[in-house]
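Below: the structure, in structure tokens.
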Amino acid sequence: MKEKKPLIRVKDLVAKYGETTILSDINVDILENEVTVILGSSGCGKTTLLKNILQLQKPASGSIEVFGEDLTTLSENEYEEILKKIGVLFQNGALLNSVNIFENISIPLEQHTKLPPEIRQKIIEVKLGLVNLSHAIYLKPSELSGGMKKRAALARAIALDPVILCCDEPSAGLDPLTSADLDKLILNLKNQLRMTVLIVTHELASIHRIADKIIFLDQGSMLFNGTIEEARKANIEQIDAFFEVGSF
Ligand SMILES: Nc1ncnc2c1ncn2[C@@H]1O[C@H](COP(=O)(O)OP(=O)(O)O)[C@@H](O)[C@H]1O
Ligand SMILES: [Mg+2]
């Protein structure tokens with residue numbers, strides 16, 4: 001089998017807020033075409049890891065390579081080019097409430113492309129079709145259910161056909177069935193658009209549904225990186241406890 005390429009390489013990452021070290025000694029590769037899940041108890045630094053990878057927070061030290069480029073050394077323009085290829089779905093979905101779904105998805109297309117309005121319209125229709133929300137195109141976020149809002153935010157995250165999709169707790173606040181549907185949708189999109197996916201979650205059911213690999217964070221370091229099967233065999237107390245209890 002062909003060796004998978006690392007699309008993201010985290011090397012000796014240290015993440016801090018002010019003087020407080022949140023994560024240290026993080027070394028991990030995110031491989032192409034896989035779903036990698038970042039796991040760990042609340043407050044352990046999952047979102048911080050995602051933000052450092054995306055350079056939304058500057059790493060205190062270490063490097064982040066994406067598509068073979070060290071993000072910590074790129075110019076603003078070079079970084080923008082890479083960011084265009086990464087779709088991000090943040091924890092609260094972060095749709096603009098004042099405008100409708102069409103306009104929400106139009107934002108990244110207007111910001112990052114010079115496509116004419118009729119092509120933008122087509123792309124928005126296609127992306128909403130992919131998340132089964134065609135009927136909601138002219139509704140405001142406040143008119144959508146929690147699950148629909150997540151799907152709309154997902155449509156926006158994939159507007160530019162990203163190579164990598166990052167999601168921070170996509171199913172937070174959703175009921176188990178809606179959460180399972182969202183996982184299925186993310187997997188379908190991953191296969192249809194051939195994306196590499198990096199997801200933060202704390203739900204065991206979700207991990208079993210979607211994870212090819214897991215990154216397990218605990219007390220500021222990475223306890224484990226590998227498949228669920230390997231994790232179960234690793235005999236690591238915190239990981240065994242997580243799999244027994246089912247969540248954090
Ligand atoms: N902007 C910030 N400034 C200072 N501390 C922060 C900030 N964001 C998060 N933290 C702290 O960093 C730690 C990790 O947070 P976070 O990455 O959000 O955890 P998780 O996503 O795993 O729940 C927590 O102790 C949190 O209080
Ligand atoms: Mg978080």
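Quick note on naming: the chains in the structure tokens go A, B, ... in the order shown, residues restart at 1 in each chain, and ligands are numbered from 1 in order of appearance.
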* **Within 7 Å of ligand 2, counting only C-alpha atoms and all ligand atoms, residues as number ranges by chain** => A: 42-43, 45-47, 168
* Would you mind listing the residues within 8 Å of ligand 1, counting only C-alpha atoms and all ligand atoms, as a ChimeraX atom specification? => /A:16-18,20,22,39-49,200
* Those of range 58-204 of chain A in DSSP helix (DSSP H, G or I), formatted as a PyMOL selection string -> chain A and resi 71-73+76-83+101-112+117-130+134-136+141-143+146-157+176-193+204
Can you spit out the residues from that selection as an mmCIF file, in the first residue's frame, using C-alpha atoms?
data_model
loop_
_atom_site.group_PDB
_atom_site.id
_atom_site.type_symbol
_atom_site.label_atom_id
_atom_site.label_comp_id
_atom_site.auth_asym_id
_atom_site.auth_seq_id
_atom_site.Cartn_x
_atom_site.Cartn_y
_atom_site.Cartn_z
ATOM 1 C CA LEU A 71 3.658 28.160 8.634
ATOM 2 C CA THR A 72 5.711 29.909 11.289
ATOM 3 C CA THR A 73 8.034 31.319 8.590
ATOM 4 C CA GLU A 76 1.033 36.960 5.324
ATOM 5 C CA ASN A 77 0.192 36.308 1.651
ATOM 6 C CA GLU A 78 1.713 32.842 1.577
ATOM 7 C CA TYR A 79 -0.144 31.973 4.771
ATOM 8 C CA GLU A 80 -3.445 33.219 3.255
ATOM 9 C CA GLU A 81 -2.918 30.914 0.274
ATOM 10 C CA ILE A 82 -2.556 27.918 2.583
ATOM 11 C CA LEU A 83 -5.484 28.963 4.746
ATOM 12 C CA ILE A 101 -27.492 31.231 4.828
ATOM 13 C CA PHE A 102 -26.783 32.155 1.212
ATOM 14 C CA GLU A 103 -24.937 35.290 2.330
ATOM 15 C CA ASN A 104 -23.102 33.427 5.089
ATOM 16 C CA ILE A 105 -21.650 30.938 2.606
ATOM 17 C CA SER A 106 -20.952 33.707 0.132
ATOM 18 C CA ILE A 107 -18.515 35.398 2.559
ATOM 19 C CA PRO A 108 -15.476 33.108 2.040
ATOM 20 C CA LEU A 109 -16.157 33.010 -1.704
ATOM 21 C CA GLU A 110 -16.177 36.815 -1.928
ATOM 22 C CA GLN A 111 -13.146 37.144 0.343
ATOM 23 C CA HIS A 112 -10.937 34.585 -1.322
ATOM 24 C CA PRO A 117 -21.959 36.198 -8.784
ATOM 25 C CA GLU A 118 -23.646 33.538 -10.930
ATOM 26 C CA ILE A 119 -20.799 31.057 -10.298
ATOM 27 C CA ARG A 120 -20.853 31.890 -6.577
ATOM 28 C CA GLN A 121 -24.587 31.214 -6.591
ATOM 29 C CA LYS A 122 -24.033 27.795 -8.213
ATOM 30 C CA ILE A 123 -21.300 26.864 -5.724
ATOM 31 C CA ILE A 124 -23.507 27.855 -2.788
ATOM 32 C CA GLU A 125 -26.388 25.788 -4.179
ATOM 33 C CA VAL A 126 -24.123 22.769 -4.692
ATOM 34 C CA LYS A 127 -22.607 23.004 -1.208
ATOM 35 C CA LEU A 128 -26.008 23.373 0.430
ATOM 36 C CA GLY A 129 -27.167 20.351 -1.573
ATOM 37 C CA LEU A 130 -24.234 18.346 -0.194
ATOM 38 C CA SER A 134 -31.091 23.341 -0.212
ATOM 39 C CA HIS A 135 -34.459 24.403 1.195
ATOM 40 C CA ALA A 136 -32.845 26.708 3.788
ATOM 41 C CA PRO A 141 -29.585 31.198 11.133
ATOM 42 C CA SER A 142 -32.205 31.967 13.824
ATOM 43 C CA GLU A 143 -34.767 30.076 11.725
ATOM 44 C CA GLY A 146 -29.142 23.304 16.007
ATOM 45 C CA GLY A 147 -28.331 20.475 13.603
ATOM 46 C CA MET A 148 -29.227 22.595 10.562
ATOM 47 C CA LYS A 149 -26.973 25.420 11.779
ATOM 48 C CA LYS A 150 -24.056 22.993 12.020
ATOM 49 C CA ARG A 151 -24.747 21.764 8.493
ATOM 50 C CA ALA A 152 -24.894 25.348 7.215
ATOM 51 C CA ALA A 153 -21.582 26.099 8.929
ATOM 52 C CA LEU A 154 -20.203 22.930 7.350
ATOM 53 C CA ALA A 155 -21.369 24.098 3.909
ATOM 54 C CA ARG A 156 -19.506 27.350 4.519
ATOM 55 C CA ALA A 157 -16.394 25.487 5.688
ATOM 56 C CA PRO A 176 -27.308 11.784 19.914
ATOM 57 C CA LEU A 177 -29.228 11.100 16.677
ATOM 58 C CA THR A 178 -28.456 14.500 15.170
ATOM 59 C CA SER A 179 -24.865 14.066 16.271
ATOM 60 C CA ALA A 180 -24.674 10.667 14.536
ATOM 61 C CA ASP A 181 -26.160 12.197 11.369
ATOM 62 C CA LEU A 182 -23.556 14.962 11.447
ATOM 63 C CA ASP A 183 -20.751 12.389 11.758
ATOM 64 C CA LYS A 184 -22.141 10.497 8.766
ATOM 65 C CA LEU A 185 -22.353 13.707 6.795
ATOM 66 C CA ILE A 186 -18.750 14.636 7.630
ATOM 67 C CA LEU A 187 -17.596 11.182 6.493
ATOM 68 C CA ASN A 188 -19.600 11.449 3.263
ATOM 69 C CA LEU A 189 -18.179 14.875 2.540
ATOM 70 C CA LYS A 190 -14.689 13.634 3.316
ATOM 71 C CA ASN A 191 -15.083 10.857 0.736
ATOM 72 C CA GLN A 192 -16.824 12.982 -1.890
ATOM 73 C CA LEU A 193 -14.384 15.890 -1.632
ATOM 74 C CA LEU A 204 -16.877 8.009 22.470
#
* Do you know which residues are at most 10 Å from Ile207 in chain A counting only C-alpha atoms, after dropping those on the same chain fewer than 2 positions away, and could you put them as a PyMOL selection string? -> chain A and resi 35-39+183+199-205+209-214+228
* Asked: Which polymer residues have any atom within 10 Å of an atom of Lys5 in chain A, counting only C-alpha atoms, with same-chain residues fewer than 3 positions away left out, as a list in words?
  -> Lys2, Ile8, Asp29, Ile30, Leu31, Glu32, Asn33, Phe67 and Gly68 of chain A
* May I ask for the distance between CA of Leu96 in chain A and CA of Ala15 in chain A, given in Å to one decimal place? =>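 So the answer is 29.3 Å.
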* **Among the residues A:Ser145, A:Ile53, A:Glu244, A:Asp218, the one that comes closest to Leu23 in chain A [using only C-alpha atoms]** => A:Asp218
* To do: Could you jot down the CA of Arg194 in chain A to CA of Leu174 in chain A separation for me, Å, one decimal place?
  =>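 According to the coordinates, CA of Arg194 in chain A and CA of Leu174 in chain A are separated by 25.9 Å.
CA of Ser171 in chain A to CA of Leu56 in chain A spans 22.1 Å [interatomic distance, one decimal].
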* Within 12 Å of Asp240 in chain A using only C-alpha atoms, minus same-chain residues under 5 positions, as a PyMOL selection string -> chain A and resi 204+216+223-224+228-235+245-248
Create the file for the chosen residues now, containing N, CA and C atoms and written as a short mmCIF file (atom, residue, chain, number, x, y, z; two decimals), in the first residue's frame.
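In the end it all went to again_37.cif:
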data_model
loop_
_atom_site.label_atom_id
_atom_site.label_comp_id
_atom_site.auth_asym_id
_atom_site.auth_seq_id
_atom_site.Cartn_x
_atom_site.Cartn_y
_atom_site.Cartn_z
N LEU A 204 -17.38 9.33 22.85
CA LEU A 204 -16.88 8.01 22.47
C LEU A 204 -17.61 7.46 21.24
N PHE A 216 -4.47 11.76 21.80
CA PHE A 216 -5.02 11.84 23.14
C PHE A 216 -4.18 12.81 23.97
N LEU A 223 -0.52 11.97 25.15
CA LEU A 223 -0.30 10.65 25.74
C LEU A 223 -0.21 9.57 24.69
N PHE A 224 -0.93 9.79 23.58
CA PHE A 224 -1.02 8.72 22.59
C PHE A 224 -1.41 9.29 21.23
N ILE A 228 -7.55 3.48 17.21
CA ILE A 228 -8.30 3.13 18.43
C ILE A 228 -7.82 1.76 18.94
N GLU A 229 -7.64 0.85 18.00
CA GLU A 229 -7.19 -0.49 18.37
C GLU A 229 -5.85 -0.44 19.12
N GLU A 230 -4.93 0.34 18.57
CA GLU A 230 -3.63 0.48 19.23
C GLU A 230 -3.79 1.14 20.60
N ALA A 231 -4.72 2.10 20.68
CA ALA A 231 -4.94 2.80 21.94
C ALA A 231 -5.42 1.83 23.01
N ARG A 232 -6.30 0.91 22.59
CA ARG A 232 -6.85 -0.05 23.54
C ARG A 232 -5.77 -1.02 24.04
N LYS A 233 -4.79 -1.26 23.17
CA LYS A 233 -3.73 -2.22 23.53
C LYS A 233 -2.58 -1.57 24.29
N ALA A 234 -2.60 -0.23 24.34
CA ALA A 234 -1.44 0.48 24.88
C ALA A 234 -1.36 0.44 26.41
N ASN A 235 -2.46 0.02 27.02
CA ASN A 235 -2.50 -0.03 28.49
C ASN A 235 -2.12 1.29 29.15
N VAL A 245 -15.62 4.77 30.54
CA VAL A 245 -16.69 5.70 30.95
C VAL A 245 -17.48 6.20 29.76
N GLY A 246 -16.82 6.37 28.63
CA GLY A 246 -17.54 6.76 27.41
C GLY A 246 -17.49 8.22 27.09
N SER A 247 -17.03 9.04 28.03
CA SER A 247 -16.81 10.45 27.72
C SER A 247 -15.98 11.05 28.85
N PHE A 248 -15.69 12.34 28.73
CA PHE A 248 -14.90 12.97 29.79
C PHE A 248 -15.83 13.66 30.77
#
